[in-house]
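A short worksheet on the structure shown next.
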Amino acid sequence: MAVPTTIESEVRSYSRSWPVVFTHGRGSRLYDEDDRAYLDFFAGASALNYGHNHPVLKQELLRYVERDGVTHSLDMFTGARTAFLHELDARVLQPRGLDYKVQFPGPTGTNSVEAALKLARKVTGRQTVVAFTGAFHGMSLGSLAVTGNASKRAGAGVPLGLTWRLPYDGFGGGKVCGLTLLESMLDDSSSGMDLPAAVIVETVQGEGGVNPARLTWLADLADVCARRGILLVLDDIQMGCGRTGPFFSFEAAGIVPDIVCLSKSISGYGLPMALTLFRSELDVWSPGEHNGTFRGNNPAFVTATAALREFWSDDSLEKQTMVRELLLREHLGELAHEHEEHVTQARGRGLVWGLAFRDPRLARRTADEAFARGLLVETAGSCDEVVKLLPALTTTDDELTEGLDILRASVATAVRGRAG
Ligand code: PLP
């Protein structure tokens, strides 16, 4: 059947990079209508950390649907919701000593960020929020206001205000430290900077081009926030659920954010679901003050519960990811070195890695060459100059090697026929 591209808005994007019709997926492979297999190193932009249609999660979902389990429930109590909350508490919050309340803010990442920003403003009675260069927090107006990317911001059509922008760790070669700037601005009553309600931050900027902040920088940021009475909102939508190793990406920095945004892989199956977690004393919401029709996506609760049981009962997945970090660091470091004329850096943490090119056209060409060879990778960064790797955490060692070999060949071809 021909793809009806004329009926669909021009706004679609990924289908332009990968102009085939995908029909099914299993683990780290997606298949198109001609049954051609693609190794998926995009993993739904980290919404598929456990791969496509994981058999254990699928079984739980099928069982639930088969017995007419409730599908939609707003925020009514359901068995699936109760089971999820128990599992989250027992496997994630309690073992980490996290005294967080759980809010279901609506099913997408931006819903979680909107809830976090609204809550931070309500708790503090302040309006401005500090956000960083390169940040990506979503497309609705509140989350877009704290997002950095110019073309995404331009789409708002209205002023995006109440945000103070500061340099993220390493921005501009690290010449200006955002935290020193923040403290000096706050210390000077003529700086024009009011005390913000919150700082919102990613531990590794995914859409921003795979920029990992140093763990010491994150710890210092948490310290500034605590000393100044500014709430720390940690957007773990892309980097949470094990992407960098531990369940929460901020664990490695030894910090406890005031508010945490989670989405993408929390359902474990690619089903829409999001959470906003916050210290219990911040729970100043009145009933129904922030609501939404799709906060009770029970099939997602079922797969989320199964995913927590399957992958977070012990630390084996975390350990495996940390071992693979070393493998990727070595392979991509070598690749960057081989092509140092064109590739400025290989950087990442856990199983999120980026290969930064001097010329964004080479990043695009590398991703296109990879697609032609059956590997799905996308670009990220302010000029789309970074080829981003997000393999599922369940990808096998052989698949990792296969993907890295394809990437190597793709870079070589891209560089040989280089643009310009
Ligand atoms: N925050 C981060 C860090 C993200 O990476 C994303 C999406 O890529 C979002 C927020 C927005 O999530 P959603 O696209 O589900 O609204």
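Quick note on naming: the chains in the structure tokens go A, B, ... in the order shown, residues restart at 1 in each chain, and ligands are numbered from 1 in order of appearance.
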
- Message: Could you list the protein, DNA and RNA residues that have any atom within 8 Å of ligand 1, counting only C-alpha atoms and all ligand atoms, and write them as a PyMOL selection string?
- Response: chain A and resi 45+107-113+135-140+143+202+205-207+235-239+261+263-264+272

Taking only C-alpha atoms into account, produce a table as JSON lines in which each residue of segment 306-413 of chain A with an atom at most 8 Å from an atom of segment 244-249 of chain A appears once, together with its shortest atom pair and the distance in Å to one decimal, ordered by chain and rising number.
```
{"residue": "A:Trp312", "atom": "CA", "partner": "A:Phe247", "partner_atom": "CA", "distance": 7.8}
{"residue": "A:Leu317", "atom": "CA", "partner": "A:Gly245", "partner_atom": "CA", "distance": 7.6}
{"residue": "A:Glu318", "atom": "CA", "partner": "A:Gly245", "partner_atom": "CA", "distance": 4.6}
{"residue": "A:Lys319", "atom": "CA", "partner": "A:Gly245", "partner_atom": "CA", "distance": 7.0}
{"residue": "A:Thr321", "atom": "CA", "partner": "A:Gly245", "partner_atom": "CA", "distance": 5.3}
{"residue": "A:Met322", "atom": "CA", "partner": "A:Gly245", "partner_atom": "CA", "distance": 5.8}
{"residue": "A:Arg349", "atom": "CA", "partner": "A:Thr244", "partner_atom": "CA", "distance": 5.4}
{"residue": "A:Gly350", "atom": "CA", "partner": "A:Thr244", "partner_atom": "CA", "distance": 3.9}
{"residue": "A:Leu351", "atom": "CA", "partner": "A:Thr244", "partner_atom": "CA", "distance": 5.8}
{"residue": "A:Val352", "atom": "CA", "partner": "A:Thr244", "partner_atom": "CA", "distance": 6.7}
```

- Mind the document's chain letters and residue numbers, and return as a ChimeraX atom specification the residues of segment 127-334 of chain A that DSSP labels strand (DSSP E). /A:129-132,163-166,198-201,204-205,211-212,231-235,259-262,275-279

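For the atom pair formed by atom CA of Phe294 of chain A and atom CA of Phe104 of chain A, the distance is 9.2 Å, given to one decimal.
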
- Item | Neighbour list for Gln59 of chain A as a ChimeraX atom specification, cut-off 12 Å, only C-alpha atoms, skip fewer than 2 positions in-chain | /A:53-57,61-66,269,299,302-303,306-307

- Near-Arg347 of chain A list (10 Å; only C-alpha atoms; drop same-chain fewer than 4 positions) as a count of residues only: 16

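When atom CA of Glu340 of chain A is paired with atom CA of Ala414 of chain A, their separation reads 13.8 Å.
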
- Task: Compile the contact shell of Phe357 of chain A as a VMD selection string: residues with an atom at most 10 Å away, counting only C-alpha atoms, same-chain residues fewer than 2 positions apart removed.
- Result: chain A and resid 336 339 to 346 354 to 355 359 to 364 366 384 to 387

Can those selected residues be exported to a file as a tab-separated table (two decimals), in the first residue's frame so that it contains N, CA, C and O atoms?
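Saved result, out13.tsv, follows:
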```tsv
chain	number	residue	atom	x	y	z
A	336	ALA	N	36.90	7.95	16.54
A	336	ALA	CA	37.09	9.41	16.53
A	336	ALA	C	38.56	9.73	16.21
A	336	ALA	O	38.85	10.65	15.43
A	339	HIS	N	39.49	9.34	12.60
A	339	HIS	CA	38.95	10.39	11.72
A	339	HIS	C	39.04	11.75	12.38
A	339	HIS	O	38.14	12.58	12.26
A	340	GLU	N	40.16	11.99	13.06
A	340	GLU	CA	40.21	13.21	13.89
A	340	GLU	C	40.10	14.50	13.07
A	340	GLU	O	39.74	15.55	13.58
A	341	GLU	N	40.38	14.37	11.77
A	341	GLU	CA	40.22	15.54	10.90
A	341	GLU	C	38.74	15.97	10.84
A	341	GLU	O	38.42	17.14	10.65
A	342	HIS	N	37.86	14.99	11.00
A	342	HIS	CA	36.42	15.28	10.85
A	342	HIS	C	35.62	15.12	12.13
A	342	HIS	O	34.56	15.73	12.27
A	343	VAL	N	36.10	14.26	13.02
A	343	VAL	CA	35.34	13.95	14.23
A	343	VAL	C	36.03	14.62	15.42
A	343	VAL	O	37.21	14.38	15.67
A	344	THR	N	35.29	15.47	16.12
A	344	THR	CA	35.94	16.21	17.22
A	344	THR	C	35.98	15.38	18.50
A	344	THR	O	36.89	15.51	19.29
A	345	GLN	N	34.98	14.53	18.71
A	345	GLN	CA	34.90	13.85	20.00
A	345	GLN	C	33.94	12.66	19.96
A	345	GLN	O	32.95	12.70	19.24
A	346	ALA	N	34.26	11.63	20.74
A	346	ALA	CA	33.28	10.58	21.05
A	346	ALA	C	32.98	10.76	22.53
A	346	ALA	O	33.89	10.83	23.35
A	354	GLY	N	27.70	9.68	21.62
A	354	GLY	CA	27.63	10.59	20.48
A	354	GLY	C	28.99	10.70	19.81
A	354	GLY	O	30.03	10.66	20.48
A	355	LEU	N	28.95	10.82	18.49
A	355	LEU	CA	30.16	11.04	17.70
A	355	LEU	C	29.97	12.42	17.08
A	355	LEU	O	29.09	12.62	16.24
A	359	ASP	N	31.67	18.96	10.66
A	359	ASP	CA	30.71	19.38	9.64
A	359	ASP	C	29.42	18.57	9.82
A	359	ASP	O	29.42	17.36	9.64
A	360	PRO	N	28.31	19.26	10.16
A	360	PRO	CA	27.05	18.54	10.39
A	360	PRO	C	26.63	17.68	9.20
A	360	PRO	O	25.96	16.67	9.36
A	361	ARG	N	27.06	18.08	7.99
A	361	ARG	CA	26.66	17.29	6.81
A	361	ARG	C	27.26	15.88	6.87
A	361	ARG	O	26.68	14.93	6.38
A	362	LEU	N	28.43	15.77	7.49
A	362	LEU	CA	29.03	14.44	7.62
A	362	LEU	C	28.28	13.58	8.63
A	362	LEU	O	28.19	12.36	8.49
A	363	ALA	N	27.72	14.23	9.65
A	363	ALA	CA	26.91	13.47	10.62
A	363	ALA	C	25.67	12.93	9.91
A	363	ALA	O	25.30	11.76	10.05
A	364	ARG	N	25.03	13.79	9.12
A	364	ARG	CA	23.82	13.35	8.38
A	364	ARG	C	24.18	12.23	7.41
A	364	ARG	O	23.50	11.23	7.32
A	366	THR	N	26.63	10.16	7.57
A	366	THR	CA	26.94	8.92	8.30
A	366	THR	C	25.64	8.20	8.69
A	366	THR	O	25.51	6.98	8.51
A	384	ASP	N	22.74	19.56	14.55
A	384	ASP	CA	22.64	18.14	14.15
A	384	ASP	C	24.00	17.60	13.73
A	384	ASP	O	24.11	16.84	12.77
A	385	GLU	N	25.02	17.99	14.47
A	385	GLU	CA	26.37	17.61	14.11
A	385	GLU	C	26.85	16.33	14.81
A	385	GLU	O	27.98	15.89	14.62
A	386	VAL	N	25.97	15.75	15.62
A	386	VAL	CA	26.37	14.58	16.42
A	386	VAL	C	25.57	13.37	15.99
A	386	VAL	O	24.34	13.42	15.91
A	387	VAL	N	26.26	12.27	15.71
A	387	VAL	CA	25.56	11.00	15.47
A	387	VAL	C	25.36	10.36	16.83
A	387	VAL	O	26.32	10.16	17.59
```

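Our summary of the geometry notes that atom CA of Glu60 of chain A is positioned 21.2 Å from atom CA of Gly242 of chain A.
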